[in-house]
>>> print(open('my_file-v5.cif').read())   # mmCIF, C-alpha atoms and all ligand atoms
data_protein
loop_
_atom_site.label_atom_id
_atom_site.label_comp_id
_atom_site.auth_asym_id
_atom_site.auth_seq_id
_atom_site.Cartn_x
_atom_site.Cartn_y
_atom_site.Cartn_z
CA MET A 1 0.00 0.00 0.00
CA VAL A 2 1.15 3.50 -0.82
CA ARG A 3 -0.15 6.21 1.49
CA ALA A 4 -1.77 9.09 -0.43
CA LYS A 5 0.11 12.36 -0.06
CA LYS A 6 -1.82 15.55 -0.29
CA HIS A 7 1.03 17.78 -1.45
CA LEU A 8 1.47 15.57 -4.53
CA GLY A 9 -2.21 15.84 -5.43
CA GLN A 10 -2.62 12.13 -4.87
CA HIS A 11 -6.15 10.77 -5.24
CA PHE A 12 -5.91 7.12 -6.16
CA LEU A 13 -8.70 5.65 -8.27
CA LYS A 14 -10.45 2.72 -6.62
CA ASP A 15 -12.83 1.94 -9.47
CA GLN A 16 -11.33 -0.47 -12.00
CA ASN A 17 -14.02 0.22 -14.60
CA ILE A 18 -13.32 3.92 -14.63
CA ALA A 19 -9.58 3.28 -14.82
CA LYS A 20 -10.23 1.05 -17.83
CA ARG A 21 -12.41 3.67 -19.50
CA ILE A 22 -9.70 6.31 -19.06
CA ALA A 23 -7.07 3.97 -20.49
CA GLU A 24 -9.40 3.34 -23.44
CA SER A 25 -9.94 7.05 -24.06
CA LEU A 26 -6.80 7.11 -26.16
CA ILE A 27 -7.67 6.19 -29.73
CA GLY A 28 -4.08 5.29 -30.49
CA ASP A 29 -3.80 5.13 -34.24
CA ASN A 30 -1.06 7.58 -35.22
CA TYR A 31 1.73 6.98 -32.71
CA ASP A 32 3.49 4.13 -30.99
CA ALA A 33 4.72 5.60 -27.74
CA VAL A 34 2.56 6.59 -24.77
CA LEU A 35 3.46 8.52 -21.62
CA GLU A 36 1.37 8.17 -18.48
CA ILE A 37 1.76 11.10 -16.09
CA GLY A 38 1.36 10.28 -12.41
CA PRO A 39 0.68 6.52 -12.46
CA GLY A 40 0.62 6.28 -8.66
CA THR A 41 0.10 2.60 -7.91
CA GLY A 42 -0.72 1.78 -11.52
CA VAL A 43 -4.47 1.47 -11.62
CA LEU A 44 -4.54 2.95 -15.15
CA THR A 45 -1.16 1.52 -16.04
CA GLN A 46 -2.43 -2.06 -15.81
CA PHE A 47 -4.92 -1.32 -18.62
CA LEU A 48 -2.38 0.60 -20.70
CA ILE A 49 0.25 -2.16 -20.69
CA PRO A 50 -1.75 -4.60 -22.88
CA ARG A 51 -2.75 -1.80 -25.28
CA PHE A 52 0.58 -0.05 -25.80
CA GLU A 53 3.87 -1.81 -26.25
CA ASP A 54 5.92 1.34 -25.86
CA LEU A 55 4.60 2.71 -22.57
CA THR A 56 6.61 5.04 -20.32
CA VAL A 57 5.38 6.40 -17.00
CA ILE A 58 6.62 9.40 -15.01
CA GLU A 59 5.88 9.60 -11.29
CA LEU A 60 7.17 12.07 -8.75
CA ASP A 61 6.40 10.06 -5.61
CA ARG A 62 9.29 7.77 -4.71
CA GLU A 63 7.12 5.40 -2.78
CA SER A 64 4.87 4.93 -5.82
CA VAL A 65 7.93 4.46 -8.05
CA ALA A 66 9.17 1.65 -5.80
CA TYR A 67 5.70 0.10 -5.84
CA LEU A 68 5.56 0.25 -9.65
CA ASN A 69 9.02 -1.28 -10.05
CA GLU A 70 7.98 -4.14 -7.84
CA ASN A 71 4.55 -4.75 -9.34
CA PHE A 72 5.08 -3.95 -13.01
CA PRO A 73 8.36 -5.67 -13.93
CA SER A 74 7.36 -5.55 -17.61
CA LEU A 75 7.87 -1.77 -17.55
CA LYS A 76 11.50 -2.22 -16.48
CA ASN A 77 13.38 0.87 -17.68
CA LYS A 78 10.25 2.74 -18.61
CA ILE A 79 9.50 4.01 -15.12
CA ILE A 80 10.85 7.53 -14.73
CA GLY A 81 11.05 8.82 -11.16
CA GLY A 82 10.67 12.56 -11.55
CA ASP A 83 8.63 15.65 -12.27
CA PHE A 84 6.78 15.82 -15.58
CA LEU A 85 7.05 19.60 -15.54
CA LYS A 86 10.83 19.32 -15.58
CA MET A 87 11.03 16.50 -18.10
CA PRO A 88 12.95 17.41 -21.29
CA VAL A 89 10.23 16.14 -23.62
CA PRO A 90 12.00 15.99 -27.02
CA GLU A 91 15.02 14.32 -25.43
CA ILE A 92 12.96 11.46 -24.06
CA PHE A 93 10.42 11.33 -26.90
CA PRO A 94 12.09 12.13 -30.19
CA LYS A 95 9.10 10.53 -31.96
CA PRO A 96 5.37 11.27 -31.62
CA PHE A 97 3.72 10.05 -28.45
CA ALA A 98 0.43 10.39 -26.59
CA ILE A 99 -0.15 11.56 -23.04
CA VAL A 100 -2.60 9.92 -20.66
CA GLY A 101 -3.29 10.03 -16.94
CA ASN A 102 -5.42 10.63 -13.94
CA PHE A 103 -3.44 13.80 -13.56
CA PRO A 104 -2.19 15.47 -10.37
CA TYR A 105 -4.78 18.24 -10.08
CA ASN A 106 -2.39 20.71 -8.46
CA ILE A 107 -0.53 21.07 -11.76
CA SER A 108 -3.40 20.65 -14.26
CA THR A 109 -2.95 23.91 -16.11
CA GLN A 110 0.81 23.46 -16.33
CA ILE A 111 0.36 20.00 -17.85
CA VAL A 112 -1.89 21.46 -20.53
CA PHE A 113 0.52 24.30 -21.32
CA LYS A 114 3.50 21.96 -21.46
CA THR A 115 1.52 19.80 -23.90
CA LEU A 116 0.87 22.83 -26.09
CA GLU A 117 4.58 23.70 -26.03
CA ASN A 118 5.34 20.22 -27.34
CA LYS A 119 2.36 19.86 -29.68
CA GLU A 120 4.56 18.84 -32.64
CA LEU A 121 5.30 15.62 -30.76
CA ILE A 122 1.90 15.03 -29.18
CA PRO A 123 -0.91 13.98 -31.56
CA GLU A 124 -3.22 12.83 -28.78
CA PHE A 125 -3.86 13.55 -25.09
CA ALA A 126 -6.48 12.00 -22.83
CA GLY A 127 -7.11 12.00 -19.14
CA MET A 128 -8.78 13.25 -16.04
CA PHE A 129 -8.74 16.70 -14.45
CA GLN A 130 -10.95 18.33 -11.89
CA LYS A 131 -14.26 18.87 -13.73
CA GLU A 132 -13.98 22.62 -13.76
CA VAL A 133 -10.60 22.49 -15.53
CA ALA A 134 -11.86 19.83 -17.96
CA GLU A 135 -14.77 22.14 -18.80
CA ARG A 136 -12.49 25.11 -19.33
CA ILE A 137 -10.31 23.14 -21.73
CA VAL A 138 -13.21 22.10 -23.98
CA ALA A 139 -15.33 25.28 -23.64
CA ARG A 140 -16.72 26.96 -26.75
CA PRO A 141 -17.20 30.70 -27.30
CA GLY A 142 -20.11 32.18 -25.40
CA SER A 143 -19.86 29.88 -22.40
CA LYS A 144 -18.83 31.10 -18.97
CA THR A 145 -15.90 28.72 -18.75
CA TYR A 146 -14.48 29.79 -22.13
CA GLY A 147 -11.07 31.34 -21.48
CA ILE A 148 -7.38 31.48 -22.34
CA MET A 149 -6.89 27.73 -22.13
CA SER A 150 -9.94 26.99 -24.32
CA VAL A 151 -8.70 29.25 -27.11
CA LEU A 152 -5.08 28.12 -27.02
CA VAL A 153 -6.03 24.44 -26.94
CA ALA A 154 -8.50 24.97 -29.81
CA ALA A 155 -5.68 26.47 -31.86
CA TYR A 156 -4.10 23.04 -32.19
CA TYR A 157 -6.51 20.38 -30.94
CA HIS A 158 -10.08 19.16 -31.20
CA ALA A 159 -11.17 18.92 -27.58
CA GLU A 160 -13.89 16.54 -26.36
CA TYR A 161 -15.44 16.13 -22.94
CA LEU A 162 -15.88 12.39 -22.45
CA PHE A 163 -17.43 11.74 -19.02
CA THR A 164 -17.76 12.92 -15.43
CA VAL A 165 -16.36 11.01 -12.44
CA GLU A 166 -17.74 11.33 -8.91
CA PRO A 167 -15.46 11.89 -5.88
CA GLY A 168 -16.45 8.62 -4.20
CA VAL A 169 -14.36 6.46 -6.55
CA PHE A 170 -11.08 7.92 -5.28
CA ASN A 171 -9.04 7.36 -2.17
CA PRO A 172 -9.02 9.89 -0.63
CA PRO A 173 -12.04 11.48 -2.35
CA PRO A 174 -11.32 14.95 -3.80
CA LYS A 175 -13.67 17.81 -2.90
CA VAL A 176 -14.89 18.21 -6.47
CA GLN A 177 -16.12 16.15 -9.40
CA SER A 178 -13.67 15.15 -12.10
CA GLY A 179 -13.96 15.14 -15.86
CA VAL A 180 -12.23 13.07 -18.53
CA ILE A 181 -11.31 14.75 -21.80
CA ARG A 182 -9.57 13.89 -25.05
CA LEU A 183 -7.53 16.19 -27.28
CA THR A 184 -6.88 15.13 -30.85
CA ARG A 185 -4.43 17.26 -32.77
CA LYS A 186 -5.89 18.95 -35.82
CA GLU A 187 -4.82 17.71 -39.22
CA ASN A 188 -3.51 21.13 -40.10
CA TYR A 189 -2.36 22.73 -36.88
CA GLN A 190 -0.01 25.34 -38.31
CA LEU A 191 -1.25 28.74 -37.21
CA ASP A 192 -1.93 31.44 -39.72
CA CYS A 193 -0.31 34.00 -37.42
CA SER A 194 2.51 34.30 -34.88
CA GLU A 195 1.88 32.07 -31.89
CA LYS A 196 3.57 34.49 -29.56
CA GLN A 197 1.37 37.35 -30.68
CA LEU A 198 -1.76 35.20 -30.50
CA TYR A 199 -0.97 34.22 -26.89
CA MET A 200 -0.39 37.86 -26.07
CA VAL A 201 -3.70 39.01 -27.61
CA VAL A 202 -5.71 36.21 -25.97
CA LYS A 203 -4.21 36.86 -22.55
CA LEU A 204 -4.74 40.60 -22.80
CA ALA A 205 -8.35 40.11 -23.92
CA PHE A 206 -9.25 37.68 -21.14
CA ASN A 207 -7.39 39.52 -18.41
CA GLN A 208 -10.19 42.07 -18.64
CA ARG A 209 -12.88 39.72 -19.77
CA ARG A 210 -15.81 41.93 -18.77
CA LYS A 211 -14.62 44.77 -20.97
CA THR A 212 -15.14 45.10 -24.69
CA LEU A 213 -12.08 44.39 -26.77
CA ARG A 214 -11.95 48.05 -27.71
CA ASN A 215 -11.00 48.70 -24.08
CA ALA A 216 -9.20 45.49 -23.16
CA LEU A 217 -6.92 45.73 -26.21
CA LYS A 218 -6.54 49.50 -26.18
CA SER A 219 -2.78 49.33 -25.76
CA LEU A 220 -2.45 47.51 -29.09
CA ASN A 221 -3.85 50.40 -31.16
CA LEU A 222 -5.74 48.01 -33.38
CA SER A 223 -6.80 49.14 -36.80
CA LEU A 224 -9.32 46.68 -38.18
CA SER A 225 -10.99 46.88 -41.55
CA GLU A 226 -14.49 48.37 -41.60
CA ASP A 227 -16.23 45.01 -41.91
CA LYS A 228 -14.41 43.65 -38.81
CA MET A 229 -14.83 46.66 -36.55
CA TYR A 230 -17.80 44.98 -34.85
CA LEU A 231 -15.35 42.58 -33.19
CA LEU A 232 -14.12 45.41 -30.98
CA GLY A 233 -17.58 45.82 -29.51
CA LYS A 234 -17.51 42.24 -28.26
CA ARG A 235 -16.00 40.72 -25.14
CA ALA A 236 -13.22 38.10 -25.18
CA GLU A 237 -15.57 35.27 -24.31
CA GLN A 238 -17.65 35.92 -27.43
CA LEU A 239 -14.72 35.54 -29.83
CA SER A 240 -13.87 32.38 -31.71
CA LEU A 241 -10.32 31.20 -32.33
CA GLU A 242 -10.66 32.51 -35.89
CA ASP A 243 -11.61 35.97 -34.58
CA PHE A 244 -8.53 35.99 -32.33
CA ILE A 245 -6.33 34.93 -35.23
CA PHE A 246 -7.83 37.68 -37.37
CA ILE A 247 -7.04 40.30 -34.73
CA THR A 248 -3.52 38.94 -34.29
CA LYS A 249 -2.88 39.12 -38.03
CA SER A 250 -4.02 42.71 -38.12
CA LEU A 251 -1.15 43.52 -35.74
CA GLU A 252 1.37 42.08 -38.13
CA THR A 253 0.23 43.80 -41.31
CA PRO A 254 -0.14 47.50 -40.60
N1 LIG A 301 -2.96 7.47 -11.70
C1 LIG A 301 -3.12 7.16 -10.29
C2 LIG A 301 -2.69 8.31 -9.38
C3 LIG A 301 -3.41 9.61 -9.62
S1 LIG A 301 -3.02 10.85 -8.43
C4 LIG A 301 -4.54 6.75 -10.00
O1 LIG A 301 -5.41 7.03 -10.81
O2 LIG A 301 -4.78 6.15 -8.97
C5 LIG A 301 -1.78 11.81 -9.30
C6 LIG A 301 -0.40 11.19 -9.31
O3 LIG A 301 0.50 12.13 -9.90
C7 LIG A 301 0.17 10.88 -7.95
O4 LIG A 301 0.64 9.57 -7.93
C8 LIG A 301 1.31 11.88 -7.75
O5 LIG A 301 2.38 11.39 -6.99
C9 LIG A 301 1.73 12.13 -9.18
N2 LIG A 301 2.41 13.42 -9.41
C10 LIG A 301 2.19 14.59 -8.74
N3 LIG A 301 2.93 15.57 -9.28
C11 LIG A 301 3.64 15.01 -10.31
C12 LIG A 301 4.59 15.53 -11.24
N4 LIG A 301 4.96 16.81 -11.21
N5 LIG A 301 5.13 14.68 -12.16
C13 LIG A 301 4.76 13.38 -12.17
N6 LIG A 301 3.85 12.84 -11.33
C14 LIG A 301 3.30 13.64 -10.40
#
>>> encode(input="my_file-v5.cif", output="structure tokens")
Amino acid sequence: MVRAKKHLGQHFLKDQNIAKRIAESLIGDNYDAVLEIGPGTGVLTQFLIPRFEDLTVIELDRESVAYLNENFPSLKNKIIGGDFLKMPVPEIFPKPFAIVGNFPYNISTQIVFKTLENKELIPEFAGMFQKEVAERIVARPGSKTYGIMSVLVAAYYHAEYLFTVEPGVFNPPPKVQSGVIRLTRKENYQLDCSEKQLYMVVKLAFNQRRKTLRNALKSLNLSLSEDKMYLLGKRAEQLSLEDFIFITKSLETP
């Protein structure tokens, strides 16, 4: 038995069926390698092993790493004891790979942003977050949860909300519900504008999300063509990815 540690965001899944469903959330048809983040005692891992020959896991908790080494000898050198946020991704995965996990909720957002940073190598991503984060990732324009993460994820991935998981199936139970999502990289995920500028515009717009873009983006001195001026009367949460890209491009071509 591994004792759950709060500071590592450990909530171990007790329900085998849900673990199996998460492991099956990966479609798995355009890559060989898979990385599980935060395997803990391997409840998901056991269902990933028969599906994926080239499975690596990364786990920060030493006690869990020892447990995995003892109970999953077939993973041998594929158990990395360490912090996913510090992992040099292209060094360890020179070829495309997928990410899966019942993720440590204390670093949810950072896992998503690190995935975006390495999108060239990551065609698929599936796993569990606290429900509120899962909803923010998949949110569409016009919804309350639509925000920076929704837009930046949508720039590169199709995002799907798969199912909700109740607190009672974890040990210890978290305070909130959880949600399982899947991201599938778009066929053509090259942006039509500078990524850096897009991130800047999206952040600026959502940092003052109750204001119209005319006010929130004042510092950019936007000059939009007549037929797109109406965008400035909207608020960030009403804009689609395409609208944000349009605004970003207008910065580049004066
Ligand atoms: N997958 C297991 C455990 C989920 S809890 C299950 O479903 O039962 C999240 C796990 O992530 C914990 O085991 C925790 O130790 C691990 N973890 C926390 N921070 C991490 C990090 N930065 N890198 C890798 N693993 C981490």
>>> residues_around(input="my_file-v5.cif", residues="A:Lys86", least_positions_apart="4", cutoff="12 Å", atoms="only C-alpha atoms", output="PDB file with C-alpha atoms, in the frame of the given file")
ATOM      1  CA  ILE A  58       6.620   9.400 -15.010  1.00  0.00           C
ATOM      2  CA  GLU A  59       5.880   9.600 -11.290  1.00  0.00           C
ATOM      3  CA  LEU A  60       7.170  12.070  -8.750  1.00  0.00           C
ATOM      4  CA  ILE A  80      10.850   7.530 -14.730  1.00  0.00           C
ATOM      5  CA  GLY A  81      11.050   8.820 -11.160  1.00  0.00           C
ATOM      6  CA  GLY A  82      10.670  12.560 -11.550  1.00  0.00           C
ATOM      7  CA  PRO A  90      12.000  15.990 -27.020  1.00  0.00           C
ATOM      8  CA  GLU A  91      15.020  14.320 -25.430  1.00  0.00           C
ATOM      9  CA  ILE A  92      12.960  11.460 -24.060  1.00  0.00           C
ATOM     10  CA  GLN A 110       0.810  23.460 -16.330  1.00  0.00           C
ATOM     11  CA  ILE A 111       0.360  20.000 -17.850  1.00  0.00           C
ATOM     12  CA  LYS A 114       3.500  21.960 -21.460  1.00  0.00           C
TER      13      LYS A 114
END
>>> closest_residue(input="my_file-v5.cif", among="A:Pro167, A:Gly127, A:Pro94, A:Pro172", to="A:Ile22", atoms="only C-alpha atoms")
A:Gly127
>>> residues_near_ligand(input="my_file-v5.cif", ligand="ligand LIG 301 (chain A)", cutoff="7 Å", atoms="all atoms listed in the file", output="list in words")
Leu8, Gly9, Gln10, His11, Phe12, Leu13, Ala19, Ile37, Gly38, Pro39, Gly40, Thr41, Gly42, Val43, Leu44, Ile58, Glu59, Leu60, Asp61, Ser64, Gly82, Asp83, Phe84, Leu85, Gly101, Asn102, Phe103, Pro104 and Ile107 of chain A
>>> closest_residue(input="my_file-v5.cif", among="A:Gln190, A:Thr164, A:Ser250, A:Asn207", to="A:Ser225", atoms="all atoms listed in the file")
A:Ser250
>>> closest_residue(input="my_file-v5.cif", among="A:Val100, A:Ala126, A:Ile245, A:Leu191", to="A:Phe163", atoms="all atoms listed in the file")
A:Ala126
>>> closest_residue(input="my_file-v5.cif", among="A:Leu116, A:Leu162, A:Ile247, A:Ile181", to="A:Val133", atoms="all atoms listed in the file")
A:Ile181
>>> residues_around(input="my_file-v5.cif", residues="A:Met149", least_positions_apart="2", cutoff="9 Å", atoms="only C-alpha atoms", output="MDAnalysis selection string")
chainID A and resid 109 112:113 136:139 146:147 151:154
>>> axis_aligned_box(input="my_file-v5.cif", around="stretch 211-215 of chain A", padding_each_side="3 Å", output="AutoDock Vina command-line options")
--center_x -13.1 --center_y 46.5 --center_z -24.3 --size_x 10.1 --size_y 10.3 --size_z 12.7
>>> atom_distance(input="my_file-v5.cif", atom1="atom CA of A:Val2", atom2="atom CA of A:Asn71")
12.3 Å
>>> atom_distance(input="my_file-v5.cif", atom1="atom CA of A:Asp54", atom2="atom CA of A:Leu183")
20.1 Å
>>> closest_residue(input="my_file-v5.cif", among="A:Phe72, A:Phe246, A:Tyr105, A:Tyr230", to="A:Gln197", atoms="only C-alpha atoms")
A:Phe246
>>> closest_residue(input="my_file-v5.cif", among="A:Gln208, A:Ser143, A:Gln130, A:Asn188", to="A:Val176", atoms="all atoms listed in the file")
A:Gln130
>>> atom_distance(input="my_file-v5.cif", atom1="atom CA of A:Asn118", atom2="atom CA of A:Arg209")
27.7 Å
>>> residues_around(input="my_file-v5.cif", residues="A:Thr184", least_positions_apart="6", cutoff="7 Å", atoms="all atoms listed in the file", output="PDB file with C-alpha atoms, in the frame of the given file")
ATOM      1  CA  PRO A 123      -0.910  13.980 -31.560  1.00  0.00           C
ATOM      2  CA  GLU A 124      -3.220  12.830 -28.780  1.00  0.00           C
ATOM      3  CA  PHE A 125      -3.860  13.550 -25.090  1.00  0.00           C
ATOM      4  CA  TYR A 157      -6.510  20.380 -30.940  1.00  0.00           C
ATOM      5  CA  HIS A 158     -10.080  19.160 -31.200  1.00  0.00           C
ATOM      6  CA  ALA A 159     -11.170  18.920 -27.580  1.00  0.00           C
TER       7      ALA A 159
END
>>> residues_around(input="my_file-v5.cif", residues="A:Gly142", least_positions_apart="5", cutoff="10 Å", atoms="all atoms listed in the file", output="ChimeraX atom specification")
/A:147,235-240
>>> build_atoms(input="my_file-v5.cif", residues="stretch 231-248 of chain A", atoms="N, CA, C and O atoms", output="tab-separated table (two decimals), in the coordinates of the input")
chain	number	residue	atom	x	y	z
A	231	LEU	N	-16.03	43.46	-34.16
A	231	LEU	CA	-15.35	42.58	-33.19
A	231	LEU	C	-14.95	43.36	-31.93
A	231	LEU	O	-14.96	42.82	-30.83
A	232	LEU	N	-14.59	44.61	-32.12
A	232	LEU	CA	-14.12	45.41	-30.98
A	232	LEU	C	-15.22	45.72	-29.98
A	232	LEU	O	-14.95	46.06	-28.83
A	233	GLY	N	-16.46	45.59	-30.41
A	233	GLY	CA	-17.58	45.82	-29.51
A	233	GLY	C	-17.92	44.58	-28.69
A	233	GLY	O	-18.77	44.61	-27.81
A	234	LYS	N	-17.24	43.49	-28.98
A	234	LYS	CA	-17.51	42.24	-28.26
A	234	LYS	C	-16.57	42.07	-27.07
A	234	LYS	O	-15.59	42.78	-26.94
A	235	ARG	N	-16.90	41.07	-26.24
A	235	ARG	CA	-16.00	40.72	-25.14
A	235	ARG	C	-15.24	39.45	-25.50
A	235	ARG	O	-15.69	38.67	-26.35
A	236	ALA	N	-14.10	39.24	-24.85
A	236	ALA	CA	-13.22	38.10	-25.18
A	236	ALA	C	-14.00	36.79	-25.29
A	236	ALA	O	-13.79	36.01	-26.21
A	237	GLU	N	-14.92	36.58	-24.34
A	237	GLU	CA	-15.57	35.27	-24.31
A	237	GLU	C	-16.52	35.04	-25.48
A	237	GLU	O	-17.01	33.94	-25.68
A	238	GLN	N	-16.77	36.09	-26.27
A	238	GLN	CA	-17.65	35.92	-27.43
A	238	GLN	C	-16.87	35.65	-28.71
A	238	GLN	O	-17.45	35.42	-29.77
A	239	LEU	N	-15.54	35.69	-28.63
A	239	LEU	CA	-14.72	35.54	-29.83
A	239	LEU	C	-14.27	34.11	-30.08
A	239	LEU	O	-13.85	33.42	-29.17
A	240	SER	N	-14.35	33.72	-31.34
A	240	SER	CA	-13.87	32.38	-31.71
A	240	SER	C	-12.36	32.44	-31.91
A	240	SER	O	-11.77	33.52	-31.99
A	241	LEU	N	-11.76	31.28	-32.02
A	241	LEU	CA	-10.32	31.20	-32.33
A	241	LEU	C	-10.02	31.99	-33.61
A	241	LEU	O	-9.06	32.75	-33.68
A	242	GLU	N	-10.88	31.82	-34.61
A	242	GLU	CA	-10.66	32.51	-35.89
A	242	GLU	C	-10.67	34.03	-35.70
A	242	GLU	O	-9.88	34.73	-36.32
A	243	ASP	N	-11.58	34.52	-34.86
A	243	ASP	CA	-11.61	35.97	-34.58
A	243	ASP	C	-10.28	36.42	-33.95
A	243	ASP	O	-9.73	37.45	-34.31
A	244	PHE	N	-9.80	35.63	-32.98
A	244	PHE	CA	-8.53	35.99	-32.33
A	244	PHE	C	-7.37	35.97	-33.33
A	244	PHE	O	-6.50	36.83	-33.29
A	245	ILE	N	-7.40	35.00	-34.22
A	245	ILE	CA	-6.33	34.93	-35.23
A	245	ILE	C	-6.42	36.15	-36.16
A	245	ILE	O	-5.41	36.77	-36.49
A	246	PHE	N	-7.65	36.51	-36.51
A	246	PHE	CA	-7.83	37.68	-37.37
A	246	PHE	C	-7.24	38.94	-36.71
A	246	PHE	O	-6.49	39.69	-37.33
A	247	ILE	N	-7.56	39.12	-35.44
A	247	ILE	CA	-7.04	40.30	-34.73
A	247	ILE	C	-5.51	40.26	-34.67
A	247	ILE	O	-4.82	41.25	-34.90
A	248	THR	N	-4.97	39.08	-34.38
A	248	THR	CA	-3.52	38.94	-34.29
A	248	THR	C	-2.86	39.30	-35.63
A	248	THR	O	-1.84	39.99	-35.66
